[in-house]
$ cat target09.pdb   # PDB, C-alpha atoms
ATOM      1  CA  MET A 797      67.283   1.366  84.243
ATOM      2  CA  THR A 798      64.681   2.791  86.614
ATOM      3  CA  VAL A 799      61.426   3.708  84.921
ATOM      4  CA  GLU A 800      60.165   7.087  86.053
ATOM      5  CA  LEU A 801      56.854   8.844  85.637
ATOM      6  CA  ARG A 802      58.339  10.925  82.800
ATOM      7  CA  HIS A 803      58.792   7.769  80.723
ATOM      8  CA  LEU A 804      55.088   6.972  80.969
ATOM      9  CA  ARG A 805      54.104  10.596  80.319
ATOM     10  CA  CYS A 806      56.307  10.566  77.229
ATOM     11  CA  PHE A 807      54.712   7.368  75.943
ATOM     12  CA  LEU A 808      51.179   8.665  76.598
ATOM     13  CA  ALA A 809      51.856  11.963  74.835
ATOM     14  CA  ILE A 810      53.186  10.195  71.743
ATOM     15  CA  ALA A 811      50.277   7.734  71.728
ATOM     16  CA  GLU A 812      47.648  10.439  72.120
ATOM     17  CA  GLU A 813      49.195  13.014  69.800
ATOM     18  CA  GLY A 814      50.167  10.531  67.089
ATOM     19  CA  GLY A 815      53.612  12.009  66.566
ATOM     20  CA  VAL A 816      56.808  13.087  68.287
ATOM     21  CA  THR A 817      56.587  16.722  67.204
ATOM     22  CA  ARG A 818      53.156  17.337  68.723
ATOM     23  CA  ALA A 819      54.021  15.276  71.796
ATOM     24  CA  ALA A 820      57.197  17.286  72.386
ATOM     25  CA  ARG A 821      55.275  20.531  72.041
ATOM     26  CA  ARG A 822      52.674  19.286  74.514
ATOM     27  CA  LEU A 823      55.323  18.337  77.077
ATOM     28  CA  HIS A 824      57.503  21.405  76.406
ATOM     29  CA  VAL A 825      60.604  19.327  75.681
ATOM     30  CA  GLY A 826      62.815  18.881  72.645
ATOM     31  CA  GLN A 827      62.113  16.126  70.122
ATOM     32  CA  PRO A 828      65.505  14.394  70.605
ATOM     33  CA  ALA A 829      64.969  14.210  74.367
ATOM     34  CA  LEU A 830      61.458  12.814  73.882
ATOM     35  CA  SER A 831      62.645  10.157  71.427
ATOM     36  CA  ARG A 832      65.465   9.208  73.772
ATOM     37  CA  THR A 833      63.025   8.802  76.686
ATOM     38  CA  LEU A 834      60.780   6.554  74.586
ATOM     39  CA  ARG A 835      63.748   4.374  73.572
ATOM     40  CA  GLN A 836      64.713   4.024  77.244
ATOM     41  CA  LEU A 837      61.227   2.773  78.093
ATOM     42  CA  GLU A 838      61.264   0.322  75.181
ATOM     43  CA  ALA A 839      64.718  -0.921  76.209
ATOM     44  CA  HIS A 840      63.507  -1.518  79.753
ATOM     45  CA  LEU A 841      60.466  -3.477  78.550
ATOM     46  CA  GLY A 842      62.359  -5.260  75.787
ATOM     47  CA  VAL A 843      59.702  -4.484  73.158
ATOM     48  CA  LEU A 844      58.902  -1.826  70.581
ATOM     49  CA  LEU A 845      55.963   0.299  71.695
ATOM     50  CA  VAL A 846      55.661   2.572  68.664
ATOM     51  CA  ASP A 847      55.813   1.681  64.970
ATOM     52  CA  ARG A 848      58.017   4.345  63.390
ATOM     53  CA  SER A 849      57.748   3.043  59.823
ATOM     54  CA  THR A 850      55.018   5.507  58.826
ATOM     55  CA  HIS A 851      54.766   9.292  59.025
ATOM     56  CA  HIS A 852      51.873   9.024  61.494
ATOM     57  CA  LEU A 853      53.178   6.961  64.392
ATOM     58  CA  GLU A 854      51.114   3.928  65.380
ATOM     59  CA  LEU A 855      51.255   1.839  68.530
ATOM     60  CA  THR A 856      52.464  -1.726  68.233
ATOM     61  CA  PRO A 857      50.402  -4.483  69.909
ATOM     62  CA  ALA A 858      52.703  -4.133  72.923
ATOM     63  CA  GLY A 859      52.072  -0.392  72.945
ATOM     64  CA  GLN A 860      48.318  -0.956  72.786
ATOM     65  CA  ALA A 861      48.579  -3.314  75.750
ATOM     66  CA  LEU A 862      50.611  -0.813  77.766
ATOM     67  CA  LEU A 863      48.389   2.186  77.007
ATOM     68  CA  PRO A 864      45.556   1.606  79.544
ATOM     69  CA  ARG A 865      48.034   0.559  82.231
ATOM     70  CA  ALA A 866      50.177   3.642  81.668
ATOM     71  CA  ARG A 867      47.114   5.881  81.859
ATOM     72  CA  ALA A 868      45.984   4.229  85.073
ATOM     73  CA  ALA A 869      49.465   4.445  86.614
ATOM     74  CA  VAL A 870      49.882   8.152  85.831
ATOM     75  CA  ALA A 871      46.362   8.925  87.058
ATOM     76  CA  ALA A 872      46.998   6.996  90.280
ATOM     77  CA  VAL A 873      50.209   8.898  90.970
ATOM     78  CA  GLU A 874      48.526  12.230  90.265
ATOM     79  CA  ALA A 875      45.666  11.331  92.599
ATOM     80  CA  ALA A 876      48.071  10.218  95.315
ATOM     81  CA  LEU A 877      49.970  13.513  95.108
ATOM     82  CA  ASP A 878      46.878  15.722  94.939
ATOM     83  CA  PRO A 879      46.890  17.858  98.136
ATOM     84  CA  ALA A 880      43.097  18.027  98.040
ATOM     85  CA  THR A 881      42.826  14.270  98.643
ATOM     86  CA  LEU A 882      45.427  13.816 101.362
ATOM     87  CA  GLY A 883      42.784  13.583 104.095
ATOM     88  CA  ASP A 884      40.709  10.910 102.377
ATOM     89  CA  TRP A 885      41.411   8.680  99.409
ATOM     90  CA  PRO A 886      38.118   8.584  97.504
ATOM     91  CA  LEU A 887      36.993   5.583  95.508
ATOM     92  CA  ARG A 888      35.906   6.849  92.093
ATOM     93  CA  LEU A 889      33.076   4.953  90.378
ATOM     94  CA  GLY A 890      32.424   6.052  86.804
ATOM     95  CA  HIS A 891      29.320   5.661  84.691
ATOM     96  CA  ALA A 892      28.241   7.078  81.341
ATOM     97  CA  TRP A 893      24.539   7.191  82.120
ATOM     98  CA  SER A 894      22.008   5.800  84.613
ATOM     99  CA  ALA A 895      24.693   4.491  87.018
ATOM    100  CA  LEU A 896      23.236   1.431  88.792
ATOM    101  CA  GLY A 897      19.641   2.407  88.095
ATOM    102  CA  ASP A 898      17.287   1.950  91.046
ATOM    103  CA  HIS A 899      20.154   0.387  92.981
ATOM    104  CA  THR A 900      22.228   3.591  92.931
ATOM    105  CA  THR A 901      20.854   5.210  96.089
ATOM    106  CA  PRO A 902      20.834   1.962  98.127
ATOM    107  CA  LEU A 903      24.473   1.408  97.096
ATOM    108  CA  LEU A 904      25.573   4.897  98.142
ATOM    109  CA  ARG A 905      23.801   4.596 101.501
ATOM    110  CA  ALA A 906      25.154   1.102 102.155
ATOM    111  CA  TRP A 907      28.693   2.222 101.316
ATOM    112  CA  GLN A 908      28.475   5.205 103.641
ATOM    113  CA  ARG A 909      27.235   2.899 106.395
ATOM    114  CA  ASP A 910      29.854   0.177 105.916
ATOM    115  CA  HIS A 911      32.848   2.297 104.832
ATOM    116  CA  PRO A 912      32.462   5.759 106.401
ATOM    117  CA  ASP A 913      36.217   6.387 106.169
ATOM    118  CA  ILE A 914      36.360   5.976 102.346
ATOM    119  CA  PRO A 915      34.346   8.472 100.272
ATOM    120  CA  LEU A 916      32.622   6.899  97.263
ATOM    121  CA  GLU A 917      32.502   9.382  94.390
ATOM    122  CA  LEU A 918      29.994   8.654  91.632
ATOM    123  CA  ARG A 919      31.249  10.311  88.441
ATOM    124  CA  ARG A 920      29.176  10.621  85.268
ATOM    125  CA  ILE A 921      31.573  10.749  82.315
ATOM    126  CA  GLU A 922      29.889  10.679  78.900
ATOM    127  CA  GLU A 923      32.368   8.365  77.213
ATOM    128  CA  ARG A 924      32.155   4.679  76.292
ATOM    129  CA  THR A 925      34.421   3.571  79.144
ATOM    130  CA  ALA A 926      33.153   6.239  81.590
ATOM    131  CA  GLY A 927      36.688   7.507  82.130
ATOM    132  CA  LEU A 928      38.206   4.105  82.872
ATOM    133  CA  ALA A 929      40.507   4.031  79.838
ATOM    134  CA  GLN A 930      41.932   7.422  80.805
ATOM    135  CA  GLY A 931      42.494   6.466  84.450
ATOM    136  CA  ARG A 932      39.944   9.049  85.625
ATOM    137  CA  VAL A 933      38.075   6.484  87.745
ATOM    138  CA  ASP A 934      38.982   3.381  89.762
ATOM    139  CA  ALA A 935      36.047   1.309  88.508
ATOM    140  CA  ALA A 936      33.213   1.853  86.067
ATOM    141  CA  LEU A 937      29.683   0.674  85.418
ATOM    142  CA  LEU A 938      29.589  -0.051  81.687
ATOM    143  CA  ARG A 939      26.754  -1.181  79.471
ATOM    144  CA  GLY A 940      27.562  -3.409  76.526
ATOM    145  CA  GLY A 941      28.515  -6.921  75.530
ATOM    146  CA  THR A 942      30.580  -9.460  77.404
ATOM    147  CA  GLY A 943      32.470 -10.767  74.405
ATOM    148  CA  SER A 944      29.410 -12.427  72.912
ATOM    149  CA  GLY A 945      29.610 -10.333  69.758
ATOM    150  CA  MET A 946      26.164  -8.885  70.364
ATOM    151  CA  GLN A 947      25.329  -5.355  69.220
ATOM    152  CA  GLY A 948      26.781  -2.713  71.507
ATOM    153  CA  ASP A 949      29.656  -4.995  72.431
ATOM    154  CA  ALA A 950      33.106  -4.201  73.854
ATOM    155  CA  PRO A 951      32.938  -1.108  76.056
ATOM    156  CA  VAL A 952      35.872  -2.594  78.020
ATOM    157  CA  PRO A 953      39.060  -0.653  77.149
ATOM    158  CA  GLY A 954      41.235  -3.715  76.451
ATOM    159  CA  LYS A 955      43.413  -6.189  78.315
ATOM    160  CA  GLY A 956      44.445  -5.644  81.900
ATOM    161  CA  PHE A 957      40.931  -5.193  83.277
ATOM    162  CA  HIS A 958      38.693  -7.321  85.462
ATOM    163  CA  VAL A 959      35.147  -7.613  84.103
ATOM    164  CA  GLU A 960      32.155  -8.705  86.164
ATOM    165  CA  LEU A 961      28.651  -9.156  84.777
ATOM    166  CA  LEU A 962      26.181  -7.686  87.272
ATOM    167  CA  ARG A 963      22.877  -8.228  85.472
ATOM    168  CA  THR A 964      21.197  -8.009  82.087
ATOM    169  CA  GLU A 965      18.836  -5.071  81.748
ATOM    170  CA  PRO A 966      15.684  -5.196  79.598
ATOM    171  CA  ARG A 967      15.659  -2.755  76.710
ATOM    172  CA  THR A 968      13.152   0.054  76.523
ATOM    173  CA  ALA A 969      12.022   2.436  73.792
ATOM    174  CA  ALA A 970      11.949   6.195  74.232
ATOM    175  CA  VAL A 971       9.422   7.976  72.034
ATOM    176  CA  PRO A 972       7.954  11.493  71.800
ATOM    177  CA  ALA A 973       4.967  11.949  74.089
ATOM    178  CA  ASP A 974       2.729  12.946  71.150
ATOM    179  CA  SER A 975       3.764   9.962  69.020
ATOM    180  CA  PRO A 976       1.192   7.199  68.385
ATOM    181  CA  LEU A 977       3.810   4.801  69.799
ATOM    182  CA  ALA A 978       3.405   6.438  73.210
ATOM    183  CA  ALA A 979      -0.159   5.110  73.432
ATOM    184  CA  ARG A 980       0.960   1.482  73.129
ATOM    185  CA  GLU A 981       1.759  -0.800  76.056
ATOM    186  CA  SER A 982       4.928  -1.974  74.281
ATOM    187  CA  VAL A 983       6.656  -1.508  70.946
ATOM    188  CA  THR A 984       8.881  -3.553  68.657
ATOM    189  CA  LEU A 985      12.055  -2.891  66.748
ATOM    190  CA  ALA A 986      10.017  -2.825  63.540
ATOM    191  CA  ASP A 987       7.806  -0.083  65.009
ATOM    192  CA  LEU A 988      10.855   2.053  65.738
ATOM    193  CA  ALA A 989      12.509   1.372  62.373
ATOM    194  CA  THR A 990       9.937   3.514  60.547
ATOM    195  CA  HIS A 991      11.256   6.568  62.416
ATOM    196  CA  PRO A 992      14.701   8.184  62.626
ATOM    197  CA  VAL A 993      16.576   6.663  65.579
ATOM    198  CA  ALA A 994      18.704   8.869  67.854
ATOM    199  CA  VAL A 995      22.193   7.389  68.326
ATOM    200  CA  ASN A 996      24.380   8.594  71.190
ATOM    201  CA  THR A 997      27.807   8.347  69.582
ATOM    202  CA  GLY A 998      29.633   9.339  72.771
ATOM    203  CA  SER A 999      28.453   6.775  75.299
ATOM    204  CA  GLY A1000      25.386   5.042  73.897
ATOM    205  CA  SER A1001      24.959   1.324  73.337
ATOM    206  CA  THR A1002      22.481   1.380  70.442
ATOM    207  CA  ARG A1003      23.555   1.165  66.822
ATOM    208  CA  PRO A1004      21.633   0.275  63.616
ATOM    209  CA  GLU A1005      23.093  -3.249  63.939
ATOM    210  CA  LEU A1006      20.552  -3.890  66.699
ATOM    211  CA  TRP A1007      17.989  -4.319  63.896
ATOM    212  CA  PRO A1008      18.068  -7.175  61.341
ATOM    213  CA  PRO A1009      20.037  -6.279  58.178
ATOM    214  CA  HIS A1010      16.865  -6.181  56.085
ATOM    215  CA  ALA A1011      14.952  -3.977  58.553
ATOM    216  CA  ARG A1012      17.325  -1.214  59.627
ATOM    217  CA  PRO A1013      15.921   2.197  60.656
ATOM    218  CA  VAL A1014      15.013   4.619  57.878
ATOM    219  CA  ALA A1015      17.556   7.092  59.275
ATOM    220  CA  THR A1016      19.703   7.808  62.309
ATOM    221  CA  LEU A1017      20.305  11.061  64.185
ATOM    222  CA  SER A1018      23.711  11.327  65.848
ATOM    223  CA  VAL A1019      23.889  13.088  69.216
ATOM    224  CA  ALA A1020      26.827  13.610  71.557
ATOM    225  CA  ASN A1021      25.403  12.673  74.968
ATOM    226  CA  THR A1022      22.376  11.519  76.944
ATOM    227  CA  ASP A1023      20.970  15.022  77.432
ATOM    228  CA  ASP A1024      21.029  15.721  73.686
ATOM    229  CA  TRP A1025      19.521  12.277  73.065
ATOM    230  CA  LEU A1026      16.552  13.092  75.320
ATOM    231  CA  ALA A1027      16.104  16.563  73.831
ATOM    232  CA  ALA A1028      16.010  15.191  70.268
ATOM    233  CA  ILE A1029      13.339  12.642  71.181
ATOM    234  CA  ALA A1030      11.230  15.175  73.102
ATOM    235  CA  ALA A1031      11.350  17.501  70.084
ATOM    236  CA  GLY A1032       9.919  14.758  67.873
ATOM    237  CA  ARG A1033      13.045  14.484  65.750
ATOM    238  CA  ALA A1034      13.668  10.810  66.541
ATOM    239  CA  VAL A1035      12.928   7.798  68.720
ATOM    240  CA  GLY A1036      15.481   5.983  70.841
ATOM    241  CA  VAL A1037      16.456   2.708  72.492
ATOM    242  CA  SER A1038      17.888   2.386  75.989
ATOM    243  CA  VAL A1039      17.311   0.265  79.106
ATOM    244  CA  GLU A1040      14.805   0.253  81.976
ATOM    245  CA  SER A1041      17.134   2.112  84.326
ATOM    246  CA  THR A1042      17.223   5.079  81.945
ATOM    247  CA  ALA A1043      13.465   5.444  82.236
ATOM    248  CA  ARG A1044      13.759   5.637  86.012
ATOM    249  CA  MET A1045      16.914   7.748  86.235
ATOM    250  CA  HIS A1046      16.180  10.137  83.359
ATOM    251  CA  PRO A1047      12.498  11.173  83.259
ATOM    252  CA  TYR A1048      12.164  13.977  80.732
ATOM    253  CA  PRO A1049       9.258  16.243  79.687
ATOM    254  CA  GLY A1050       7.958  15.150  76.313
ATOM    255  CA  VAL A1051       9.562  11.678  76.419
ATOM    256  CA  VAL A1052       7.623   8.471  77.099
ATOM    257  CA  TYR A1053       9.321   5.142  77.765
ATOM    258  CA  ARG A1054       7.763   1.874  76.641
ATOM    259  CA  PRO A1055       9.009  -1.736  76.923
ATOM    260  CA  LEU A1056      10.786  -2.973  73.796
ATOM    261  CA  ALA A1057       9.354  -6.424  73.275
ATOM    262  CA  ASP A1058      11.794  -8.080  70.872
ATOM    263  CA  ALA A1059      15.235  -6.612  71.633
ATOM    264  CA  PRO A1060      17.953  -8.534  73.519
ATOM    265  CA  GLY A1061      18.829  -7.356  77.011
ATOM    266  CA  LEU A1062      21.895  -5.226  77.621
ATOM    267  CA  PRO A1063      24.602  -6.473  80.023
ATOM    268  CA  LEU A1064      25.562  -4.174  82.904
ATOM    269  CA  LEU A1065      29.239  -4.657  83.768
ATOM    270  CA  LEU A1066      31.474  -3.601  86.627
ATOM    271  CA  VAL A1067      35.017  -3.148  85.298
ATOM    272  CA  TRP A1068      38.239  -2.168  87.053
ATOM    273  CA  PRO A1069      41.977  -2.321  86.318
ATOM    274  CA  ASP A1070      43.823  -5.509  87.224
ATOM    275  CA  PRO A1071      45.636  -4.887  89.513
ATOM    276  CA  PRO A1072      43.209  -2.355  91.064
ATOM    277  CA  THR A1073      44.154   1.306  91.429
ATOM    278  CA  HIS A1074      42.273   1.497  94.763
ATOM    279  CA  PRO A1075      42.392  -1.126  97.526
ATOM    280  CA  ALA A1076      38.644  -0.880  98.201
ATOM    281  CA  VAL A1077      37.498  -1.841  94.697
ATOM    282  CA  THR A1078      36.831  -5.477  95.576
ATOM    283  CA  ALA A1079      34.799  -4.375  98.611
ATOM    284  CA  LEU A1080      32.741  -2.177  96.291
ATOM    285  CA  ALA A1081      32.131  -5.090  93.933
ATOM    286  CA  ALA A1082      30.919  -7.255  96.812
ATOM    287  CA  LEU A1083      28.579  -4.549  98.063
ATOM    288  CA  ILE A1084      27.122  -3.967  94.592
ATOM    289  CA  ARG A1085      26.371  -7.685  94.334
ATOM    290  CA  ASP A1086      24.709  -7.611  97.754
ATOM    291  CA  VAL A1087      22.555  -4.598  96.850
ATOM    292  CA  ILE A1088      21.392  -6.159  93.555
ATOM    293  CA  ASN A1089      20.714  -9.561  95.144
ATOM    294  CA  SER A1090      18.851  -7.989  98.057
ATOM    295  CA  SER A1091      16.590  -6.147  95.645
ATOM    296  CA  ALA A1092      15.968  -9.328  93.664
ATOM    297  CA  ASP A1093      15.039 -11.217  96.860
ATOM    298  CA  GLN A1094      12.592  -8.500  97.870
ATOM    299  CA  GLY A1095      11.060  -8.527  94.423
ATOM    300  CA  SER A1096      10.476 -12.280  94.599
TER     301      SER A1096
END

$ encode --input "target09.pdb" --output "structure tokens"
Amino acid sequence: MTVELRHLRCFLAIAEEGGVTRAARRLHVGQPALSRTLRQLEAHLGVLLVDRSTHHLELTPAGQALLPRARAAVAAVEAALDPATLGDWPLRLGHAWSALGDHTTPLLRAWQRDHPDIPLELRRIEERTAGLAQGRVDAALLRGGTGSGMQGDAPVPGKGFHVELLRTEPRTAAVPADSPLAARESVTLADLATHPVAVNTGSGSTRPELWPPHARPVATLSVANTDDWLAAIAAGRAVGVSVESTARMHPYPGVVYRPLADAPGLPLLLVWPDPPTHPAVTALAALIRDVINSSADQGS
């Protein structure tokens, strides 16, 4: 049997809707036809993708493994057939916040110089994988762990992705400008724990687990994105934890950034599907390494 795009669309609809009825409605097809298409895909792969033993359908381990690849494949086909991109095939680099920090502008200029025929699109997508899990980007700059189990771990959407550690960024505290903490040269986790801590549930890397179990913050304030996170801190409703690049990329009236003396650094990762959805991804990875290393050499 030849697998067609409709088989992958069928699988994605069922996975995302959690049921055949809603998936069929979304795709404007009948339920029997949708179920038949899913069985064809499973027969081709020789595995069950969906556990049908419960009312709310769940993906099997094989289905979980296929999910990011199916999303990437459908997104790649849609991008290839988009009339707006026939002239140039852009390389889409996602990030949730702060991109590459101070290295962002040097990277964009170096790419334009070295690869003028391939547009590099920097896309801010406020989601833990910066659009990578949905196939909305070809590569993503993600902040989180590298499998070490540290707090803020596992932004990578699963198997089938190449992960490269670019650097480890020092943590920083964000406090209201009129807070006594703003007058200090640096602060500690214990200093912040006496205040409510703003937690970006959409794309942030800070959770109460960053603090020792016996010294967790008195309260947390959930926000949906970086802009809301900054606004809550400026209003004096909370303090926050981020990284140095946020202080440089997101200055904000009423927010003061101070070094966080006793918090572990946060890994900055470059992640892309394996195999890549764009042939220039490895060239991008090499250029990012060059830009970061060049900055480090100049700093030394």

$ closest_residue --input "target09.pdb" --among "A:Thr990, A:Thr1073, A:Ser849, A:Ser1001" --to "Leu938 of chain A" --atoms "only C-alpha atoms"
A:Ser1001

$ closest_residue --input "target09.pdb" --among "A:Val1019, A:Ala876, A:Leu904, A:Val1087" --to "Glu922 of chain A" --atoms "only C-alpha atoms"
A:Val1019

$ atom_distance --input "target09.pdb" --atom1 "atom CA of Arg1085 of chain A" --atom2 "atom CA of Leu903 of chain A"
9.7 Å

$ closest_residue --input "target09.pdb" --among "A:Val1039, A:Ala1031, A:Ala861, A:Leu887" --to "Gln908 of chain A" --atoms "all atoms listed in the file"
A:Leu887

$ atom_distance --input "target09.pdb" --atom1 "atom CA of Leu916 of chain A" --atom2 "atom CA of Arg932 of chain A"
13.9 Å

$ decode --input "target09.pdb" --residues "segment 845-864 of chain A" --atoms "N, CA and C atoms" --output "PDB file, in the first residue's frame"
ATOM      1  N   LEU A 845      -1.251   2.089  16.223  1.00  0.00           N
ATOM      2  CA  LEU A 845      -0.912   3.469  16.549  1.00  0.00           C
ATOM      3  C   LEU A 845      -1.823   4.054  17.610  1.00  0.00           C
ATOM      4  N   VAL A 846      -3.041   3.521  17.703  1.00  0.00           N
ATOM      5  CA  VAL A 846      -4.050   4.061  18.610  1.00  0.00           C
ATOM      6  C   VAL A 846      -4.623   2.934  19.453  1.00  0.00           C
ATOM      7  N   ASP A 847      -4.674   3.159  20.766  1.00  0.00           N
ATOM      8  CA  ASP A 847      -5.289   2.199  21.686  1.00  0.00           C
ATOM      9  C   ASP A 847      -6.792   2.460  21.706  1.00  0.00           C
ATOM     10  N   ARG A 848      -7.569   1.517  21.208  1.00  0.00           N
ATOM     11  CA  ARG A 848      -9.010   1.682  21.108  1.00  0.00           C
ATOM     12  C   ARG A 848      -9.764   1.046  22.270  1.00  0.00           C
ATOM     13  N   SER A 849      -9.063   0.657  23.320  1.00  0.00           N
ATOM     14  CA  SER A 849      -9.702  -0.079  24.412  1.00  0.00           C
ATOM     15  C   SER A 849     -10.469   0.825  25.370  1.00  0.00           C
ATOM     16  N   THR A 850     -10.278   2.128  25.264  1.00  0.00           N
ATOM     17  CA  THR A 850     -10.979   3.064  26.147  1.00  0.00           C
ATOM     18  C   THR A 850     -11.840   3.992  25.307  1.00  0.00           C
ATOM     19  N   HIS A 851     -12.788   4.673  25.967  1.00  0.00           N
ATOM     20  CA  HIS A 851     -13.666   5.591  25.246  1.00  0.00           C
ATOM     21  C   HIS A 851     -12.874   6.745  24.644  1.00  0.00           C
ATOM     22  N   HIS A 852     -11.911   7.272  25.436  1.00  0.00           N
ATOM     23  CA  HIS A 852     -11.049   8.346  24.938  1.00  0.00           C
ATOM     24  C   HIS A 852      -9.787   7.715  24.354  1.00  0.00           C
ATOM     25  N   LEU A 853      -9.650   7.785  23.045  1.00  0.00           N
ATOM     26  CA  LEU A 853      -8.545   7.107  22.379  1.00  0.00           C
ATOM     27  C   LEU A 853      -7.201   7.653  22.855  1.00  0.00           C
ATOM     28  N   GLU A 854      -6.254   6.747  23.037  1.00  0.00           N
ATOM     29  CA  GLU A 854      -4.896   7.106  23.438  1.00  0.00           C
ATOM     30  C   GLU A 854      -3.910   6.552  22.427  1.00  0.00           C
ATOM     31  N   LEU A 855      -2.811   7.275  22.215  1.00  0.00           N
ATOM     32  CA  LEU A 855      -1.774   6.781  21.328  1.00  0.00           C
ATOM     33  C   LEU A 855      -0.972   5.687  22.007  1.00  0.00           C
ATOM     34  N   THR A 856      -0.617   4.673  21.244  1.00  0.00           N
ATOM     35  CA  THR A 856       0.310   3.656  21.726  1.00  0.00           C
ATOM     36  C   THR A 856       1.720   4.237  21.709  1.00  0.00           C
ATOM     37  N   PRO A 857       2.713   3.556  22.284  1.00  0.00           N
ATOM     38  CA  PRO A 857       4.092   4.047  22.170  1.00  0.00           C
ATOM     39  C   PRO A 857       4.520   4.270  20.725  1.00  0.00           C
ATOM     40  N   ALA A 858       4.083   3.384  19.820  1.00  0.00           N
ATOM     41  CA  ALA A 858       4.409   3.574  18.405  1.00  0.00           C
ATOM     42  C   ALA A 858       3.747   4.830  17.859  1.00  0.00           C
ATOM     43  N   GLY A 859       2.512   5.085  18.290  1.00  0.00           N
ATOM     44  CA  GLY A 859       1.820   6.294  17.866  1.00  0.00           C
ATOM     45  C   GLY A 859       2.493   7.545  18.385  1.00  0.00           C
ATOM     46  N   GLN A 860       2.959   7.493  19.636  1.00  0.00           N
ATOM     47  CA  GLN A 860       3.690   8.633  20.204  1.00  0.00           C
ATOM     48  C   GLN A 860       4.967   8.908  19.424  1.00  0.00           C
ATOM     49  N   ALA A 861       5.640   7.829  18.997  1.00  0.00           N
ATOM     50  CA  ALA A 861       6.876   7.997  18.239  1.00  0.00           C
ATOM     51  C   ALA A 861       6.607   8.581  16.855  1.00  0.00           C
ATOM     52  N   LEU A 862       5.475   8.197  16.258  1.00  0.00           N
ATOM     53  CA  LEU A 862       5.158   8.687  14.919  1.00  0.00           C
ATOM     54  C   LEU A 862       4.668  10.131  14.926  1.00  0.00           C
ATOM     55  N   LEU A 863       4.054  10.565  16.019  1.00  0.00           N
ATOM     56  CA  LEU A 863       3.385  11.861  16.058  1.00  0.00           C
ATOM     57  C   LEU A 863       4.258  13.030  15.607  1.00  0.00           C
ATOM     58  N   PRO A 864       5.460  13.257  16.195  1.00  0.00           N
ATOM     59  CA  PRO A 864       6.252  14.406  15.735  1.00  0.00           C
ATOM     60  C   PRO A 864       6.708  14.274  14.294  1.00  0.00           C
TER      61      PRO A 864
END
